[in-house]
Each structure stands twice: as C-alpha cells, then as structure tokens.
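Worksheet: one structure, shown below.
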Amino acid sequence: MSIVVTLDVMLAMRKMKSKDLAETVGITEANLSLLKQGRVKGVRFETLAAICRALDCQPGDLLRYEDEAGPAG
C-alpha cells in the first residue's frame, strides 16, 4: 500500500507557490518540498490543518491511497 501526496496538484489549482504556502503554514520550503515528494514518514495534524486552511481544501484533497498490487482480479 502507498499513500500518494497530491499537494502539488492543489497548489497548481489554487495558483499558489510553494514558497508562499510554506511561509503561511510556518514550515521551511525544504520540509514542504519533502512533503510534496512524499518523502516524509509522517505529518503533524496541526501542519496538515494549516495547509488545508491555507489552500481551502480537505486532507483527502492532498492525500490518496494506492494499492501497489494493482486491481484485484
């Protein structure tokens, strides 16, 4: 199983730069970049809430589950 981060898609939809989001949320651009790439082990709910507030979205708009095994059948 894999969690895919679609933060870059939401940033594009909201026409917001990563730099501006990082500043608004209060995290470094480097940490935001790692999050966008899905290279983090976890994210604090407080940070996730701040991102959702800044982008006017839900956590499900930023994260997606993909089954690595593919479709059953």
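We label chains A, B, ... in the order they appear in the structure tokens, count residues from 1 in each chain, and number ligands from 1 in the order shown.
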Taking the DSSP assignment computed from this structure's backbone, write out as JSON, numbers by chain all residues of segment 1-71 of chain A that belong to strand (DSSP E).
{"A": [2, 3, 4, 5, 63, 64, 65, 66]}
Just the number, please: distance in Å from atom CA of Met10 of chain A to atom CA of Thr28 of chain A, one decimal.
18.4 Å
Atom CA of Lys19 of chain A to atom CA of Tyr65 of chain A: how many Å, to one decimal?
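Going from atom CA of Lys19 of chain A over to atom CA of Tyr65 of chain A covers 26.3 Å.
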Residue set, chain A restricted to helix (DSSP H, G or I), as a PyMOL selection string:
chain A and resi 7-14+18-25+29-36+45-55+59-61
Judged by only C-alpha atoms, the minimum distance to Arg64 of chain A among A:Ala30, A:Arg44, A:Gly38, A:Ile51 is found for A:Gly38
Please provide as a PyMOL selection string all residues within 12 Å of segment 21-27 of chain A, with the sequence filter that same-chain residues fewer than 2 positions apart are discarded (counting only C-alpha atoms).
chain A and resi 7-8+10-12+14-19+29-36+43-44+46-56
Best match for closeness to Pro59 of chain A among A:Met13, A:Gln37, A:Thr6, A:Asp20, counting only C-alpha atoms:
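Residue with the minimum atom-to-atom distance to Pro59 of chain A: A:Thr6.
Here atom CA of Glu68 of chain A stands at a distance of 9.8 Å from atom CA of Ile3 of chain A.
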